[in-house]
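**Student:** One file is attached below, entry00.csv, containing CSV, C-alpha atoms.
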chain,number,residue,atom,x,y,z
A,11,MET,CA,93.5,-41.0,52.4
A,12,ILE,CA,90.6,-39.8,50.3
A,13,ARG,CA,89.1,-36.4,50.7
A,14,LEU,CA,85.5,-36.2,49.4
A,15,TYR,CA,84.5,-32.7,48.3
A,16,SER,CA,81.3,-33.7,46.4
A,17,HIS,CA,78.7,-36.4,46.0
A,18,ARG,CA,79.7,-36.7,42.4
A,19,GLN,CA,83.3,-37.5,43.4
A,20,ALA,CA,82.0,-40.1,46.0
A,21,LEU,CA,79.9,-41.8,43.3
A,22,GLN,CA,83.0,-42.0,41.1
A,23,LEU,CA,84.9,-43.7,43.9
A,24,ARG,CA,82.1,-45.9,45.1
A,25,HIS,CA,83.9,-49.1,44.3
A,26,ILE,CA,86.6,-48.3,46.9
A,27,LEU,CA,84.8,-46.3,49.5
A,28,PRO,CA,83.0,-47.7,52.5
A,29,ARG,CA,79.2,-47.5,52.1
A,30,LEU,CA,79.1,-45.1,55.1
A,31,ALA,CA,81.2,-42.6,53.2
A,32,LEU,CA,78.8,-42.7,50.3
A,33,LEU,CA,75.8,-42.4,52.5
A,34,ARG,CA,77.2,-39.3,54.3
A,35,SER,CA,78.1,-37.8,51.0
A,36,GLN,CA,74.6,-38.3,49.7
A,37,GLN,CA,73.1,-36.8,52.9
A,38,PHE,CA,75.3,-33.8,53.2
A,39,GLN,CA,77.0,-32.9,49.9
A,40,GLY,CA,73.9,-32.1,47.9
A,41,ASP,CA,72.4,-28.8,46.6
A,42,GLY,CA,73.9,-25.7,48.1
A,43,TYR,CA,76.9,-27.6,49.5
A,44,ASP,CA,80.3,-25.8,49.4
A,45,PRO,CA,83.3,-27.7,50.8
A,46,GLU,CA,85.1,-24.4,51.7
A,47,GLU,CA,82.1,-23.3,53.8
A,48,HIS,CA,80.7,-26.6,55.1
A,49,GLY,CA,83.7,-29.0,55.3
A,50,HIS,CA,84.3,-32.4,53.8
A,51,ILE,CA,84.7,-36.1,54.4
A,52,ILE,CA,88.0,-37.9,54.9
A,53,VAL,CA,88.3,-41.7,54.4
A,54,ILE,CA,91.3,-43.2,56.0
A,55,GLU,CA,93.1,-45.9,54.0
A,56,GLU,CA,95.9,-48.3,54.7
A,57,GLY,CA,99.3,-46.7,54.9
A,58,VAL,CA,98.1,-43.2,55.5
A,59,ASP,CA,100.3,-41.0,57.6
A,60,LEU,CA,97.7,-39.5,60.1
A,61,SER,CA,99.9,-36.4,60.5
A,62,HIS,CA,98.7,-35.3,57.1
A,63,ILE,CA,95.3,-34.1,58.3
A,64,PRO,CA,96.0,-30.5,59.0
A,65,GLU,CA,92.3,-29.6,59.1
A,66,ILE,CA,92.1,-31.4,62.4
A,67,SER,CA,95.6,-31.3,64.0
A,68,SER,CA,99.2,-30.6,63.0
A,69,ASP,CA,100.5,-33.6,64.8
A,70,GLY,CA,98.3,-36.4,63.6
A,71,LEU,CA,94.8,-37.6,64.3
A,72,ARG,CA,94.2,-37.3,68.0
A,73,LEU,CA,90.8,-37.8,69.6
A,74,PHE,CA,91.7,-36.4,73.1
A,75,ASP,CA,93.8,-33.4,74.2
A,76,SER,CA,96.6,-33.7,76.8
A,77,ASP,CA,94.0,-33.3,79.7
A,78,GLY,CA,91.9,-36.1,78.3
A,79,TRP,CA,89.1,-33.9,76.9
A,80,PRO,CA,87.6,-34.9,73.5
A,81,LEU,CA,88.6,-33.0,70.4
A,82,PHE,CA,85.7,-34.4,68.5
A,83,GLU,CA,82.0,-33.8,68.5
A,84,PHE,CA,81.0,-37.4,68.4
A,85,VAL,CA,82.2,-40.9,67.4
A,86,GLU,CA,79.9,-43.7,66.2
A,87,ALA,CA,80.6,-47.2,64.9
A,88,PHE,CA,78.7,-49.1,62.2
A,89,VAL,CA,79.1,-52.7,61.0
A,90,GLU,CA,79.8,-53.0,57.3
A,91,ASP,CA,80.7,-56.3,55.7
A,92,GLY,CA,81.4,-57.8,59.1
A,93,HIS,CA,83.9,-55.0,60.1
A,94,LEU,CA,83.5,-51.9,62.2
A,95,ILE,CA,83.6,-48.6,60.4
A,96,TYR,CA,84.1,-45.6,62.7
A,97,GLU,CA,82.7,-42.2,62.0
A,98,VAL,CA,84.4,-39.3,63.8
A,99,VAL,CA,83.0,-35.8,63.5
A,100,PHE,CA,85.1,-32.7,64.2
A,101,GLN,CA,83.4,-29.2,64.3
A,102,ILE,CA,86.0,-26.9,62.9
A,103,ASP,CA,84.0,-23.6,63.2
A,104,ASP,CA,80.4,-22.4,63.1
A,105,SER,CA,79.7,-23.9,59.7
A,106,ARG,CA,82.5,-26.3,58.8
A,107,THR,CA,82.6,-30.0,59.8
A,108,ILE,CA,85.2,-32.6,59.0
A,109,VAL,CA,83.9,-36.2,59.0
A,110,VAL,CA,86.6,-38.9,59.3
A,111,ILE,CA,85.6,-42.4,58.2
A,112,ILE,CA,88.0,-45.0,59.6
A,113,PRO,CA,87.6,-48.7,58.7
A,114,ASP,CA,88.6,-51.0,61.6
A,115,GLN,CA,91.0,-53.2,59.6
A,116,PRO,CA,94.2,-55.0,60.8
A,117,TRP,CA,96.3,-52.1,59.6
A,118,LEU,CA,94.6,-49.6,61.9
A,119,ASP,CA,97.0,-48.2,64.5
A,120,ASP,CA,96.4,-49.9,67.8
A,121,VAL,CA,96.6,-46.6,69.8
A,122,LEU,CA,94.0,-45.0,67.5
A,123,ARG,CA,91.8,-48.1,67.8
A,124,GLN,CA,91.9,-47.8,71.6
A,125,GLN,CA,91.1,-44.1,71.4
A,126,LEU,CA,88.1,-44.9,69.2
A,127,GLN,CA,86.8,-47.5,71.6
A,128,THR,CA,87.2,-45.1,74.5
A,129,ALA,CA,85.4,-42.4,72.6
A,130,LEU,CA,82.5,-44.8,71.9
A,131,ASN,CA,82.1,-45.3,75.7
A,132,ILE,CA,82.0,-41.6,76.7
Please lay out the structure from this file as structure tokens.

**Tutor:**
Amino acid sequence: MIRLYSHRQALQLRHILPRLALLRSQQFQGDGYDPEEHGHIIVIEEGVDLSHIPEISSDGLRLFDSDGWPLFEFVEAFVEDGHLIYEVVFQIDDSRTIVVIIPDQPWLDDVLRQQLQTALNI
């Protein structure tokens, strides 16, 4: 998992990041940006334990609560190099947002993939 706290950091990692992560970094992590105040971007990679995203949940990346209500603001999907890339936005408080970029690769957990597909159809 890669946490992006600045556009400079994203540029340094551009050879391993999805283009969507670079674009969002460029759009939102410019002048006046403070990750403590405004949030940051998380890029999910193969082998990541999704329970290590405490900013969103203490028990893993979940998109819906136990009653089926969404825990996210929105989910979008984009095609990049022939593969889907999901963007999930969580509003943490009045000013902080966490954006999670998830490549739809063979290693992606099937349950999470199904949740992402469901979220796209809401």

**Student:** Produce a table with one row for each residue of range 75-121 of chain A that has an atom at most 9 Å from any atom of range 21-31 of chain A, each row naming the nearest atom pair and its distance in Å at one decimal; use all atoms listed in the file; arrange rows by chain and rising residue number; format as a Markdown table.

**Tutor:**
| residue | atom | partner | partner_atom | distance |
| --- | --- | --- | --- | --- |
| A:Phe88 | CA | A:Leu30 | CA | 8.2 |
| A:Glu90 | CA | A:Arg29 | CA | 7.6 |
| A:Ile95 | CA | A:Leu30 | CA | 7.8 |
| A:Glu97 | CA | A:Leu30 | CA | 8.3 |
| A:Val110 | CA | A:Ala31 | CA | 8.9 |
| A:Ile111 | CA | A:Ala31 | CA | 6.7 |
| A:Pro113 | CA | A:Pro28 | CA | 7.8 |

**Student:** Please report, as JSON lines, each residue of range 66-115 of chain A lying at most 12 Å from range 41-45 of chain A, together with the nearest pair of atoms and the separation in Å rounded to one decimal; use all atoms listed in the file, and order rows by chain and ascending residue number.

**Tutor:**
{"residue": "A:Ser105", "atom": "CA", "partner": "A:Pro45", "partner_atom": "CA", "distance": 10.3}
{"residue": "A:Arg106", "atom": "CA", "partner": "A:Pro45", "partner_atom": "CA", "distance": 8.2}
{"residue": "A:Thr107", "atom": "CA", "partner": "A:Pro45", "partner_atom": "CA", "distance": 9.3}
{"residue": "A:Ile108", "atom": "CA", "partner": "A:Pro45", "partner_atom": "CA", "distance": 9.7}
{"residue": "A:Val109", "atom": "CA", "partner": "A:Pro45", "partner_atom": "CA", "distance": 11.8}

**Student:** What would the file look like if the residues just selected were written as an mmCIF file, keeping the file's coordinate frame with C-alpha atoms?

**Tutor:**
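selection-v1.cif written:
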data_model
loop_
_atom_site.group_PDB
_atom_site.id
_atom_site.type_symbol
_atom_site.label_atom_id
_atom_site.label_comp_id
_atom_site.auth_asym_id
_atom_site.auth_seq_id
_atom_site.Cartn_x
_atom_site.Cartn_y
_atom_site.Cartn_z
ATOM 1 C CA SER A 105 79.700 -23.900 59.700
ATOM 2 C CA ARG A 106 82.500 -26.300 58.800
ATOM 3 C CA THR A 107 82.600 -30.000 59.800
ATOM 4 C CA ILE A 108 85.200 -32.600 59.000
ATOM 5 C CA VAL A 109 83.900 -36.200 59.000
#

**Student:** Which residues, written as a list in words, have at least one atom at most 10 Å from Leu118 in chain A, with only C-alpha atoms counted and residues fewer than 2 positions away on the same chain left out?

**Tutor:**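 The neighbour list is Ile54, Glu55, Glu56, Gly57, Val58, Ile112, Pro113, Asp114, Gln115, Pro116, Asp120, Val121, Leu122 and Arg123 of chain A.
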
**Student:** How would the residues just picked look written out with C-alpha atoms as an mmCIF file, in the coordinates of the input?

**Tutor:**
data_model
loop_
_atom_site.group_PDB
_atom_site.id
_atom_site.type_symbol
_atom_site.label_atom_id
_atom_site.label_comp_id
_atom_site.auth_asym_id
_atom_site.auth_seq_id
_atom_site.Cartn_x
_atom_site.Cartn_y
_atom_site.Cartn_z
ATOM 1 C CA ILE A 54 91.300 -43.200 56.000
ATOM 2 C CA GLU A 55 93.100 -45.900 54.000
ATOM 3 C CA GLU A 56 95.900 -48.300 54.700
ATOM 4 C CA GLY A 57 99.300 -46.700 54.900
ATOM 5 C CA VAL A 58 98.100 -43.200 55.500
ATOM 6 C CA ILE A 112 88.000 -45.000 59.600
ATOM 7 C CA PRO A 113 87.600 -48.700 58.700
ATOM 8 C CA ASP A 114 88.600 -51.000 61.600
ATOM 9 C CA GLN A 115 91.000 -53.200 59.600
ATOM 10 C CA PRO A 116 94.200 -55.000 60.800
ATOM 11 C CA ASP A 120 96.400 -49.900 67.800
ATOM 12 C CA VAL A 121 96.600 -46.600 69.800
ATOM 13 C CA LEU A 122 94.000 -45.000 67.500
ATOM 14 C CA ARG A 123 91.800 -48.100 67.800
#

**Student:** Which distance in Å separates CA of Ser61 in chain A and CA of Arg13 in chain A, to one decimal?

**Tutor:**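 Taking CA of Ser61 in chain A as the start and CA of Arg13 in chain A as the end point, the length is 14.6 Å.
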
**Student:** If we count only C-alpha atoms and set the cut-off at 12 Å, which residues sit around Thr128 in chain A, ignoring sequence neighbours fewer than 4 positions away in its own chain? Please answer as a list of chain:residue names.

**Tutor:**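 My list of contacting residues is A:Leu73, A:Phe74, A:Gly78, A:Trp79, A:Pro80, A:Phe84, A:Val85, A:Glu86, A:Ala87, A:Val121, A:Leu122, A:Arg123, A:Gln124, A:Ile132.
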
**Student:** Counting all atoms listed in the file, what is within 10 Å of range 14-19 of chain A, bar same-chain residues fewer than 6 positions away, as a list of chain:residue names?

**Tutor:**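 Answer for this query is A:Ala31, A:Leu32, A:Leu33, A:Arg34, A:Ser35, A:Gln36, A:Gln37, A:Phe38, A:Gln39, A:Gly40, A:Asp41, A:Tyr43, A:Asp44, A:Pro45, A:Glu46, A:His48, A:Gly49, A:His50, A:Ile51, A:Ile52, A:Val53, A:Val109.
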